[in-house]
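Dropping query-v2.pdb in here (PDB, C-alpha atoms):
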```pdb
ATOM      1  CA  MET A 234     -24.917 -65.496  55.916
ATOM      2  CA  PRO A 235     -23.242 -62.355  57.213
ATOM      3  CA  ALA A 236     -25.184 -60.166  59.609
ATOM      4  CA  MET A 237     -27.218 -57.511  57.868
ATOM      5  CA  LYS A 238     -26.405 -53.904  58.555
ATOM      6  CA  THR A 239     -29.160 -52.181  60.511
ATOM      7  CA  ARG A 240     -30.646 -48.942  59.234
ATOM      8  CA  ASP A 241     -28.510 -45.862  59.917
ATOM      9  CA  GLU A 242     -25.887 -47.959  61.743
ATOM     10  CA  PRO A 243     -22.418 -46.339  61.649
ATOM     11  CA  SER A 244     -19.883 -47.883  59.281
ATOM     12  CA  LEU A 245     -16.656 -49.533  60.425
ATOM     13  CA  PRO A 246     -14.588 -46.297  60.057
ATOM     14  CA  GLU A 247     -17.243 -44.481  62.052
ATOM     15  CA  GLN A 248     -17.125 -47.182  64.711
ATOM     16  CA  ARG A 249     -13.382 -46.619  64.988
ATOM     17  CA  GLU A 250     -14.057 -42.926  65.536
ATOM     18  CA  ARG A 251     -16.519 -43.884  68.263
ATOM     19  CA  LEU A 252     -13.846 -46.025  69.867
ATOM     20  CA  GLU A 253     -11.486 -43.026  69.927
ATOM     21  CA  GLU A 254     -14.291 -40.981  71.457
ATOM     22  CA  LEU A 255     -14.714 -43.693  74.088
ATOM     23  CA  ARG A 256     -11.016 -43.474  74.925
ATOM     24  CA  ARG A 257     -11.270 -39.705  75.354
ATOM     25  CA  TRP A 258     -14.280 -40.079  77.628
ATOM     26  CA  GLU A 259     -12.448 -42.660  79.706
ATOM     27  CA  GLN A 260      -9.484 -40.303  80.090
ATOM     28  CA  SER A 261     -11.844 -37.569  81.236
ATOM     29  CA  LEU A 262     -13.406 -39.994  83.681
ATOM     30  CA  ASP A 263     -10.001 -40.911  85.098
ATOM     31  CA  ALA A 264      -9.149 -37.214  85.558
ATOM     32  CA  LEU A 265     -12.483 -36.587  87.307
ATOM     33  CA  ARG A 266     -11.940 -39.511  89.649
ATOM     34  CA  ALA A 267      -8.457 -38.267  90.497
ATOM     35  CA  ARG A 268      -9.900 -34.829  91.249
ATOM     36  CA  ARG A 269     -12.620 -36.450  93.379
ATOM     37  CA  ASN A 270      -9.975 -38.241  95.438
ATOM     38  CA  ASP A 271      -8.095 -34.968  96.003
ATOM     39  CA  LEU A 272     -11.282 -33.192  97.030
ATOM     40  CA  GLU A 273     -12.219 -35.959  99.447
ATOM     41  CA  ILE A 274      -8.845 -35.489 101.158
ATOM     42  CA  GLU A 275      -9.384 -31.718 101.233
ATOM     43  CA  CYS A 276     -12.813 -32.207 102.777
ATOM     44  CA  ILE A 277     -11.413 -34.452 105.504
ATOM     45  CA  ALA A 278      -8.757 -31.834 106.287
ATOM     46  CA  GLY A 279     -11.447 -29.152 106.178
ATOM     47  CA  ASP A 280     -13.615 -31.033 108.681
ATOM     48  CA  VAL A 281     -10.684 -31.217 111.066
ATOM     49  CA  ALA A 282     -10.088 -27.476 110.668
ATOM     50  CA  LEU A 283     -13.784 -26.733 111.197
ATOM     51  CA  ARG A 284     -13.835 -28.643 114.474
ATOM     52  CA  ARG A 285     -10.846 -26.612 115.638
ATOM     53  CA  ILE A 286     -12.526 -23.379 114.531
ATOM     54  CA  ARG A 287     -15.784 -24.151 116.337
ATOM     55  CA  ASP A 288     -13.865 -24.647 119.558
ATOM     56  CA  ARG A 289     -12.318 -21.166 119.342
ATOM     57  CA  HIS A 290     -14.717 -18.951 117.329
ATOM     58  CA  ALA A 291     -18.388 -18.209 117.072
ATOM     59  CA  PRO A 292     -20.264 -20.211 114.422
ATOM     60  CA  MET A 293     -20.578 -18.667 110.949
ATOM     61  CA  ASP A 294     -22.761 -19.531 108.009
ATOM     62  CA  THR A 295     -20.602 -21.389 105.495
ATOM     63  CA  ALA A 296     -22.044 -19.587 102.465
ATOM     64  CA  LEU A 297     -21.325 -16.272 104.165
ATOM     65  CA  ALA A 298     -17.736 -17.347 104.787
ATOM     66  CA  VAL A 299     -17.313 -18.053 101.064
ATOM     67  CA  ASP A 300     -18.667 -14.591 100.189
ATOM     68  CA  ILE A 301     -16.366 -12.895 102.713
ATOM     69  CA  GLU A 302     -13.348 -14.805 101.401
ATOM     70  CA  ALA A 303     -14.177 -13.705  97.837
ATOM     71  CA  ALA A 304     -14.556 -10.082  98.973
ATOM     72  CA  LEU A 305     -11.194 -10.236 100.741
ATOM     73  CA  ASP A 306      -9.559 -11.523  97.555
ATOM     74  CA  ARG A 307     -11.171  -8.792  95.457
ATOM     75  CA  ARG A 308     -10.011  -6.158  97.939
ATOM     76  CA  ARG A 309      -6.451  -7.455  97.869
ATOM     77  CA  SER A 310      -6.434  -7.487  94.064
ATOM     78  CA  LEU A 311      -7.701  -3.895  93.898
ATOM     79  CA  GLU A 312      -5.124  -2.752  96.451
ATOM     80  CA  GLU A 313      -2.317  -4.282  94.379
ATOM     81  CA  ARG A 314      -3.635  -2.705  91.181
ATOM     82  CA  LEU A 315      -3.934   0.668  92.889
ATOM     83  CA  GLU A 316      -0.381   0.430  94.194
ATOM     84  CA  ARG A 317       0.938  -0.362  90.728
ATOM     85  CA  SER A 318      -1.087   2.499  89.277
ATOM     86  CA  ARG A 319       0.262   4.973  91.830
ATOM     87  CA  GLU A 320       3.797   3.858  91.061
ATOM     88  CA  GLY A 321       3.217   5.037  87.516
ATOM     89  CA  THR A 322       3.560   1.612  85.891
ATOM     90  CA  ARG A 323       3.658   2.118  82.143
ATOM     91  CA  PRO A 324       1.272   0.292  79.827
ATOM     92  CA  GLU A 325       2.651  -2.988  78.624
ATOM     93  CA  ARG A 326       3.322  -1.780  75.103
ATOM     94  CA  ASP A 327       5.308   1.256  76.286
ATOM     95  CA  ARG A 328       7.391  -0.828  78.671
ATOM     96  CA  LEU A 329       8.198  -3.324  75.933
ATOM     97  CA  ALA A 330       9.246  -0.533  73.568
ATOM     98  CA  LEU A 331      11.578   0.955  76.179
ATOM     99  CA  ALA A 332      13.006  -2.477  76.931
ATOM    100  CA  ARG A 333      13.584  -3.112  73.218
ATOM    101  CA  ASP A 334      15.406   0.210  72.782
ATOM    102  CA  ALA A 335      17.586  -0.448  75.829
ATOM    103  CA  LEU A 336      18.658  -3.846  74.520
ATOM    104  CA  ARG A 337      19.470  -2.347  71.138
ATOM    105  CA  LEU A 338      21.660   0.258  72.849
ATOM    106  CA  TRP A 339      23.367  -2.496  74.819
ATOM    107  CA  LEU A 340      24.163  -4.405  71.633
ATOM    108  CA  GLU A 341      25.234  -1.280  69.743
ATOM    109  CA  ALA A 342      27.766  -0.208  72.386
ATOM    110  CA  PRO A 343      31.206   0.164  70.663
ATOM    111  CA  ARG A 344      33.360  -2.868  71.139
ATOM    112  CA  GLU A 345      36.943  -2.710  72.328
ATOM    113  CA  ASP A 346      39.158  -2.270  69.222
ATOM    114  CA  ARG A 347      42.833  -1.875  68.442
ATOM    115  CA  ARG A 348      42.821   1.709  69.657
ATOM    116  CA  ALA A 349      41.397   0.596  72.996
ATOM    117  CA  ARG A 350      43.965  -2.182  73.264
ATOM    118  CA  GLY A 351      46.689   0.305  72.299
ATOM    119  CA  GLY A 352      45.404   2.619  74.971
ATOM    120  CA  GLY A 353      45.837  -0.200  77.425
ATOM    121  CA  ARG A 354      49.497  -0.554  76.493
ATOM    122  CA  VAL A 355      49.966   3.217  76.846
ATOM    123  CA  ARG A 356      48.426   3.085  80.297
ATOM    124  CA  HIS A 357      50.989   0.492  81.300
ATOM    125  CA  VAL A 358      53.773   2.818  80.121
ATOM    126  CA  LEU A 359      52.271   5.764  82.004
ATOM    127  CA  PHE A 360      52.050   3.663  85.117
ATOM    128  CA  ALA A 361      55.752   2.866  84.818
ATOM    129  CA  VAL A 362      56.558   6.569  84.361
ATOM    130  CA  SER A 363      54.473   7.414  87.429
ATOM    131  CA  LEU A 364      56.300   4.823  89.449
ATOM    132  CA  VAL A 365      59.674   6.244  88.393
ATOM    133  CA  ALA A 366      58.532   9.785  89.280
ATOM    134  CA  ILE A 367      57.436   8.704  92.736
ATOM    135  CA  ILE A 368      60.721   6.891  93.398
ATOM    136  CA  ALA A 369      62.680   9.933  92.203
ATOM    137  CA  ALA A 370      60.664  12.228  94.440
ATOM    138  CA  LEU A 371      61.309  10.073  97.461
ATOM    139  CA  SER A 372      64.998   9.528  96.817
ATOM    140  CA  VAL A 373      66.093  12.745  95.032
ATOM    141  CA  HIS A 374      63.715  15.685  95.349
ATOM    142  CA  VAL A 375      59.996  16.291  95.829
ATOM    143  CA  VAL A 376      59.890  18.410  92.679
ATOM    144  CA  PHE A 377      59.749  15.230  90.629
ATOM    145  CA  LEU A 378      56.103  14.838  91.782
ATOM    146  CA  VAL A 379      55.239  17.603  89.301
ATOM    147  CA  LEU A 380      55.782  15.024  86.583
ATOM    148  CA  LEU A 381      52.743  13.118  87.851
ATOM    149  CA  LEU A 382      50.260  15.830  86.812
ATOM    150  CA  PRO A 383      50.371  15.320  83.013
ATOM    151  CA  VAL A 384      50.805  11.585  83.490
ATOM    152  CA  ALA A 385      47.728  11.359  85.716
ATOM    153  CA  GLY A 386      45.655  13.413  83.268
ATOM    154  CA  ALA A 387      46.633  11.240  80.336
ATOM    155  CA  ALA A 388      45.983   8.079  82.297
ATOM    156  CA  SER A 389      42.584   9.338  83.405
ATOM    157  CA  PHE A 390      41.605  10.166  79.817
ATOM    158  CA  LEU A 391      42.744   6.803  78.534
ATOM    159  CA  SER A 392      40.987   5.014  81.366
ATOM    160  CA  TRP A 393      37.719   6.778  80.580
ATOM    161  CA  SER A 394      37.929   6.237  76.827
ATOM    162  CA  GLY A 395      38.938   2.605  77.256
ATOM    163  CA  GLN A 396      35.892   1.935  79.441
ATOM    164  CA  ASP A 397      33.406   3.661  77.102
ATOM    165  CA  HIS A 398      32.079   0.249  75.969
ATOM    166  CA  ALA A 399      31.453  -0.893  79.533
ATOM    167  CA  TRP A 400      29.905   2.424  80.621
ATOM    168  CA  ARG A 401      27.432   2.453  77.732
ATOM    169  CA  ARG A 402      26.388  -1.126  78.337
ATOM    170  CA  MET A 403      25.972  -0.446  82.033
ATOM    171  CA  GLY A 404      23.684   2.493  81.293
ATOM    172  CA  ALA A 405      21.644   0.488  78.785
ATOM    173  CA  LYS A 406      21.275  -2.352  81.289
ATOM    174  CA  ARG A 407      20.014   0.017  83.977
ATOM    175  CA  ARG A 408      17.478   1.488  81.541
ATOM    176  CA  TYR A 409      16.271  -2.012  80.695
ATOM    177  CA  LEU A 410      15.899  -3.127  84.314
ATOM    178  CA  ALA A 411      13.864  -0.006  85.074
ATOM    179  CA  THR A 412      11.143  -1.259  82.683
ATOM    180  CA  ARG A 413      10.515  -4.345  84.879
ATOM    181  CA  VAL A 414      10.427  -6.570  81.811
ATOM    182  CA  ASP A 415      11.974 -10.007  82.384
ATOM    183  CA  ALA A 416      15.740  -9.763  82.005
ATOM    184  CA  PRO A 417      17.815 -11.884  79.611
ATOM    185  CA  ARG A 418      18.999 -15.218  80.963
ATOM    186  CA  GLU A 419      22.470 -13.677  81.211
ATOM    187  CA  TRP A 420      24.006 -10.427  80.003
ATOM    188  CA  GLU A 421      25.932 -11.974  77.119
ATOM    189  CA  GLU A 422      25.394 -11.101  73.474
ATOM    190  CA  ASP A 423      23.615 -14.317  72.436
ATOM    191  CA  ALA A 424      21.214 -14.191  75.387
ATOM    192  CA  VAL A 425      20.540 -10.475  74.890
ATOM    193  CA  ARG A 426      19.838 -10.967  71.155
ATOM    194  CA  LEU A 427      17.431 -13.789  71.978
ATOM    195  CA  ARG A 428      15.574 -11.649  74.529
ATOM    196  CA  LEU A 429      15.434  -8.764  72.050
ATOM    197  CA  SER A 430      13.854 -10.971  69.387
ATOM    198  CA  GLU A 431      11.272 -12.214  71.916
ATOM    199  CA  ILE A 432      10.347  -8.666  72.910
ATOM    200  CA  GLU A 433      10.077  -7.571  69.269
ATOM    201  CA  ALA A 434       7.759 -10.529  68.613
ATOM    202  CA  ARG A 435       5.564  -9.520  71.569
ATOM    203  CA  ILE A 436       5.374  -5.938  70.298
ATOM    204  CA  GLU A 437       4.333  -7.151  66.841
ATOM    205  CA  ALA A 438       1.718  -9.460  68.342
ATOM    206  CA  GLN A 439       0.254  -6.616  70.384
ATOM    207  CA  ALA A 440       0.166  -4.343  67.345
ATOM    208  CA  ALA A 441      -1.731  -7.016  65.408
ATOM    209  CA  ARG A 442      -4.405  -7.313  68.079
ATOM    210  CA  SER A 443      -7.263  -4.885  68.462
ATOM    211  CA  PRO A 444      -6.591  -2.040  70.885
ATOM    212  CA  GLU A 445      -7.158  -3.086  74.460
ATOM    213  CA  ARG A 446      -9.137  -1.129  76.978
ATOM    214  CA  PRO A 447      -6.777   1.131  78.942
ATOM    215  CA  GLU A 448      -6.102   0.200  82.526
ATOM    216  CA  HIS A 449      -8.166   1.928  85.200
ATOM    217  CA  GLY A 450      -6.568   5.052  86.610
ATOM    218  CA  PRO A 451      -5.892   5.632  90.319
ATOM    219  CA  ARG A 452      -9.161   7.523  90.881
ATOM    220  CA  GLU A 453     -11.260   4.783  89.320
ATOM    221  CA  LEU A 454      -9.434   2.125  91.314
ATOM    222  CA  GLU A 455      -9.892   4.109  94.523
ATOM    223  CA  ALA A 456     -13.638   4.309  93.863
ATOM    224  CA  MET A 457     -13.780   0.575  93.150
ATOM    225  CA  LEU A 458     -11.820  -0.134  96.319
ATOM    226  CA  ASP A 459     -14.161   2.057  98.397
ATOM    227  CA  ALA A 460     -17.140   0.134  97.022
ATOM    228  CA  GLU A 461     -15.436  -3.158  97.858
ATOM    229  CA  HIS A 462     -14.752  -1.927 101.396
ATOM    230  CA  GLY A 463     -18.473  -1.258 101.739
ATOM    231  CA  THR A 464     -19.379  -4.729 100.478
ATOM    232  CA  LEU A 465     -16.895  -6.342 102.843
ATOM    233  CA  SER A 466     -18.185  -4.314 105.798
ATOM    234  CA  ASP A 467     -21.757  -5.418 105.081
ATOM    235  CA  LEU A 468     -20.751  -9.085 104.849
ATOM    236  CA  LEU A 469     -18.719  -8.942 108.063
ATOM    237  CA  ALA A 470     -21.570  -7.174 109.852
ATOM    238  CA  ARG A 471     -23.866 -10.070 108.939
ATOM    239  CA  ALA A 472     -21.335 -12.332 110.658
ATOM    240  CA  GLY A 473     -21.149 -10.089 113.720
ATOM    241  CA  LEU A 474     -17.674  -8.800 112.847
ATOM    242  CA  ASP A 475     -16.190  -5.366 112.223
ATOM    243  CA  ARG A 476     -13.924  -4.642 109.266
ATOM    244  CA  GLY A 477     -11.639  -2.453 111.348
ATOM    245  CA  ALA A 478     -11.118  -5.264 113.853
ATOM    246  CA  LEU A 479     -10.439  -7.953 111.240
ATOM    247  CA  ASP A 480      -7.087  -9.341 112.372
ATOM    248  CA  PRO A 481      -4.977 -11.952 110.522
ATOM    249  CA  GLU A 482      -6.165 -14.779 112.802
ATOM    250  CA  THR A 483      -9.839 -14.034 112.155
ATOM    251  CA  GLU A 484      -9.211 -13.708 108.434
ATOM    252  CA  GLY A 485      -7.349 -17.025 108.546
ATOM    253  CA  TRP A 486     -10.209 -19.012 110.058
ATOM    254  CA  ILE A 487     -12.714 -17.379 107.691
ATOM    255  CA  ARG A 488     -10.561 -18.524 104.789
ATOM    256  CA  GLU A 489     -10.311 -22.047 106.213
ATOM    257  CA  LEU A 490     -14.076 -22.179 106.552
ATOM    258  CA  GLY A 491     -14.561 -20.822 103.029
ATOM    259  CA  HIS A 492     -12.041 -23.249 101.538
ATOM    260  CA  ALA A 493     -13.667 -26.239 103.251
ATOM    261  CA  THR A 494     -17.083 -25.130 101.996
ATOM    262  CA  ARG A 495     -15.865 -24.675  98.427
ATOM    263  CA  SER A 496     -14.203 -28.104  98.520
ATOM    264  CA  ARG A 497     -17.474 -29.760  99.513
ATOM    265  CA  ARG A 498     -19.343 -27.892  96.782
ATOM    266  CA  GLU A 499     -16.793 -28.836  94.150
ATOM    267  CA  LEU A 500     -16.817 -32.443  95.364
ATOM    268  CA  ALA A 501     -20.579 -32.599  94.839
ATOM    269  CA  GLU A 502     -20.181 -31.107  91.346
ATOM    270  CA  VAL A 503     -17.410 -33.538  90.415
ATOM    271  CA  GLN A 504     -19.418 -36.503  91.658
ATOM    272  CA  GLY A 505     -22.305 -35.356  89.467
ATOM    273  CA  GLU A 506     -19.968 -35.066  86.462
ATOM    274  CA  ILE A 507     -18.577 -38.541  87.141
ATOM    275  CA  ALA A 508     -22.073 -39.983  87.168
ATOM    276  CA  GLY A 509     -22.955 -38.314  83.842
ATOM    277  CA  VAL A 510     -19.707 -39.245  82.086
ATOM    278  CA  SER A 511     -19.957 -42.819  83.383
ATOM    279  CA  ARG A 512     -23.400 -43.162  81.790
ATOM    280  CA  ASP A 513     -22.071 -41.849  78.481
ATOM    281  CA  VAL A 514     -19.095 -44.211  78.616
ATOM    282  CA  ASP A 515     -21.300 -47.213  79.379
ATOM    283  CA  GLU A 516     -23.721 -46.390  76.575
ATOM    284  CA  LEU A 517     -20.923 -45.931  74.041
ATOM    285  CA  ARG A 518     -19.148 -49.092  75.161
ATOM    286  CA  GLU A 519     -22.388 -51.105  74.974
ATOM    287  CA  ALA A 520     -23.181 -49.786  71.483
ATOM    288  CA  LEU A 521     -19.735 -50.814  70.218
ATOM    289  CA  TYR A 522     -20.053 -54.240  71.812
ATOM    290  CA  ARG A 523     -23.459 -54.861  70.226
ATOM    291  CA  TYR A 524     -22.106 -53.823  66.824
ATOM    292  CA  LEU A 525     -19.300 -56.395  67.128
ATOM    293  CA  ALA A 526     -21.540 -59.087  68.609
ATOM    294  CA  ARG A 527     -23.946 -58.915  65.661
ATOM    295  CA  ARG A 528     -20.996 -59.618  63.383
ATOM    296  CA  GLY A 529     -19.447 -62.333  65.502
ATOM    297  CA  ALA A 530     -16.382 -60.202  66.282
ATOM    298  CA  ALA A 531     -16.987 -59.465  69.967
ATOM    299  CA  GLY A 532     -14.546 -60.684  72.582
ATOM    300  CA  SER A 533     -15.211 -63.826  74.595
ATOM    301  CA  GLY A 534     -16.975 -63.633  77.930
ATOM    302  CA  GLY A 535     -18.906 -60.502  77.051
ATOM    303  CA  ARG A 536     -15.877 -58.285  77.633
ATOM    304  CA  ALA A 537     -16.506 -54.710  76.544
ATOM    305  CA  ASP A 538     -13.370 -52.950  77.751
ATOM    306  CA  THR A 539     -11.548 -50.664  75.340
ATOM    307  CA  ALA A 540      -8.807 -53.152  74.517
ATOM    308  CA  SER A 541     -11.325 -55.908  73.690
ATOM    309  CA  LEU A 542     -13.429 -53.555  71.578
ATOM    310  CA  SER A 543     -10.354 -52.401  69.672
ATOM    311  CA  ALA A 544      -9.304 -55.991  69.029
ATOM    312  CA  GLY A 545     -12.821 -56.813  67.795
ATOM    313  CA  LEU A 546     -12.806 -53.953  65.320
ATOM    314  CA  GLU A 547      -9.408 -55.076  64.012
ATOM    315  CA  ARG A 548     -10.696 -58.658  63.559
ATOM    316  CA  LEU A 549     -13.697 -57.359  61.685
ATOM    317  CA  ALA A 550     -11.515 -55.152  59.462
ATOM    318  CA  ALA A 551      -9.187 -58.093  58.698
ATOM    319  CA  ARG A 552     -12.121 -60.311  57.849
ATOM    320  CA  ARG A 553     -13.496 -57.750  55.422
ATOM    321  CA  GLY A 554     -10.078 -57.027  53.932
TER     322      GLY A 554
END
```

Show this structure as structure tokens.
Amino acid sequence: MPAMKTRDEPSLPEQRERLEELRRWEQSLDALRARRNDLEIECIAGDVALRRIRDRHAPMDTALAVDIEAALDRRRSLEERLERSREGTRPERDRLALARDALRLWLEAPREDRRARGGGRVRHVLFAVSLVAIIAALSVHVVFLVLLLPVAGAASFLSWSGQDHAWRRMGAKRRYLATRVDAPREWEEDAVRLRLSEIEARIEAQAARSPERPEHGPRELEAMLDAEHGTLSDLLARAGLDRGALDPETEGWIRELGHATRSRRELAEVQGEIAGVSRDVDELREALYRYLARRGAAGSGGRADTASLSAGLERLAARRG
């Protein structure tokens, strides 16, 4: 007699879904264990650094070092934002619009046509005439140099008009680069058209989103930076240090201490996650094994690994089919 289905027990399709869930949990567990191994190596390196630090610097509370490191990072970020703000960096949407217009100008620059190519042939003729005039002036009389004046003017005009395409593209390229938007892969028509379509897509995406909060102005950033300076000074004072005397070496060992402390904290958190996920994996694996065992489809030897559980579910499906 086949085994009776227990009350509220998941069906075979649901058991397959549980098997897929088990696989996902096992992948997460593998990733956590890999991260644990990396953190253990970081902690060993951190312990070595801490021993070196203790030999050269006064002891510091590890939690305080983490807070100082975070304050240093916030200060650096605010300084960079303030610098960009003082440079007059345009909002993203304005910069993209200027970049789009510059690329359109680059593509719309008049191409070299028959008239330009004809102008090139005329320039060759004028060059020959100039050469003859110079030879005549040297061998006959200097008055022949007067012939160079109209020739030079015509050549200059043709040279300028023939290079109109290049001049316009050069100006459009300079306008584009001034926006600081990523340049095309190369300044060829296909690459420029591709970059233009990408920028137009970004502009449309921004227009579709709700308006973003404008970036802080220089005065606001200066006030935020002053407040951060005060926070940093207070933290350093607790460590017996002065902000004005914070040299790169001192900042370096504070960062090493903070990094080692954060690695140990994260290692403890990851180990806790591994323990919790392992329990969930074991419970799910055991539930699947019991389901198969009650139906005589479990693997031999009490194996409950994913491959054996998958094979058991396939045997059970084949038997029912």

Quiz item: Can you list, as a PyMOL selection string, every protein, DNA or RNA residue that comes within 10 Å of A:Asp415 when you count all atoms listed in the file, leaving out same-chain residues fewer than 2 positions away?
Solution: chain A and resi 332+409-410+412-413+417-418+428+432

Quiz prompt | Minimum-distance residue to A:Leu336, chosen among A:Asp263, A:Glu431, A:Glu302, A:Glu506 (using only C-alpha atoms) | solution =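 Between A:Asp263, A:Glu431, A:Glu302, A:Glu506, the residue approaching A:Leu336 most closely is A:Glu431.
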
Exercise. Point out the residue among A:Gln248, A:Trp486, A:Leu262, A:Arg257 with the least atom-to-atom distance to A:Gly509, counting all atoms listed in the file.
Key: A:Leu262

Practice problem: Give the answer as one residue: which of A:Ala298, A:Ala330, A:Ile507, A:Ala441 has the shortest atom-to-atom distance to A:Glu484, using all atoms listed in the file? | Solution: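 That would be A:Ala298, the residue with the smallest distance to A:Glu484.
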
Quiz item: If the PyMOL selection byres ((chain A and resi 277-281) around 12) is run on the structure shown, which residues does it catch, given as a PyMOL selection string?
Solution: chain A and resi 270-276+282-288+486-497+500

Exercise. Find the spatial neighbours of A:Gly535, counting only C-alpha atoms, within a cut-off of 12 Å - ignore same-chain residues fewer than 3 positions away - and output them as a PyMOL selection string.
Key: chain A and resi 518-519+521-523+525-526+529-532+538+541-542+545

Practice problem: Name the residues in contact with A:Arg307 at a cut-off of 12 Å, using all atoms listed in the file, excluding same-chain residues fewer than 6 positions from it; report them as a list in words. | Solution: Asp300, Ile301, Glu313, Arg314, Leu454, Met457, Leu458, Asp459, Ala460, Glu461, His462, Thr464 and Leu465 of chain A

Quiz item: Closest to A:Glu254 among A:Ala551, A:Arg476, A:Leu517, A:Glu437, using all atoms listed in the file?
Solution: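 Nearest to A:Glu254: A:Leu517.
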
Practice problem: Determine the nearest neighbour of A:Leu255 from the options A:Val514, A:Ala303, A:Ala544, A:Ala520, counting all atoms listed in the file. | Solution: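 The closest residue to A:Leu255 is A:Val514.
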
Quiz item: What is the atom CA of A:Ala440 to atom CA of A:Arg319 distance in Å?
Solution: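 We find that atom CA of A:Ala440 and atom CA of A:Arg319 lie 26.2 Å from each other.
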
Practice problem: Name the closest residue to A:Arg498 among the candidates A:Leu245, A:Ala296, A:Ala304, A:Leu331; distances are taken between atoms, counting all atoms listed in the file. | Solution: A:Ala296

Self-check item: Atom-to-atom span, atom CA of A:Arg471 and atom CA of A:Leu297, Å
Solution: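 Computed distance, atom CA of A:Arg471 to atom CA of A:Leu297, equals 8.2 Å.
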
Exercise. Could you tell me how far atom CA of A:Glu422 lies from atom CA of A:Arg326, in Å and to one decimal?
Key: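 A separation of 24.0 Å between them.
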
Quick one: apply the PyMOL selection byres ((chain A and resi 451) around 10) to the file and drop the selected residues here as a compact mmCIF listing (two decimals) with C-alpha atoms, in the coordinates of the input.
```txt
# COMPACT_ATOMS: atom_id res chain seq x y z
CA ARG A 314 -3.64 -2.70 91.18
CA LEU A 315 -3.93 0.67 92.89
CA GLU A 316 -0.38 0.43 94.19
CA ARG A 317 0.94 -0.36 90.73
CA SER A 318 -1.09 2.50 89.28
CA ARG A 319 0.26 4.97 91.83
CA GLU A 320 3.80 3.86 91.06
CA GLY A 321 3.22 5.04 87.52
CA GLU A 448 -6.10 0.20 82.53
CA HIS A 449 -8.17 1.93 85.20
CA GLY A 450 -6.57 5.05 86.61
CA ARG A 452 -9.16 7.52 90.88
CA GLU A 453 -11.26 4.78 89.32
CA LEU A 454 -9.43 2.12 91.31
CA GLU A 455 -9.89 4.11 94.52
CA ALA A 456 -13.64 4.31 93.86
CA MET A 457 -13.78 0.57 93.15
```

Exercise. Can you pull out every residue within 10 Å of A:Arg256, counting all atoms listed in the file, but drop anything in the same chain fewer than 4 positions away, and send it as a list in words?
Key: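 In the requested format, the answer is Glu250, Arg251, Leu252, Gln260, Ser261, Leu262, Val514, Arg518, Thr539 and Ala540 of chain A.
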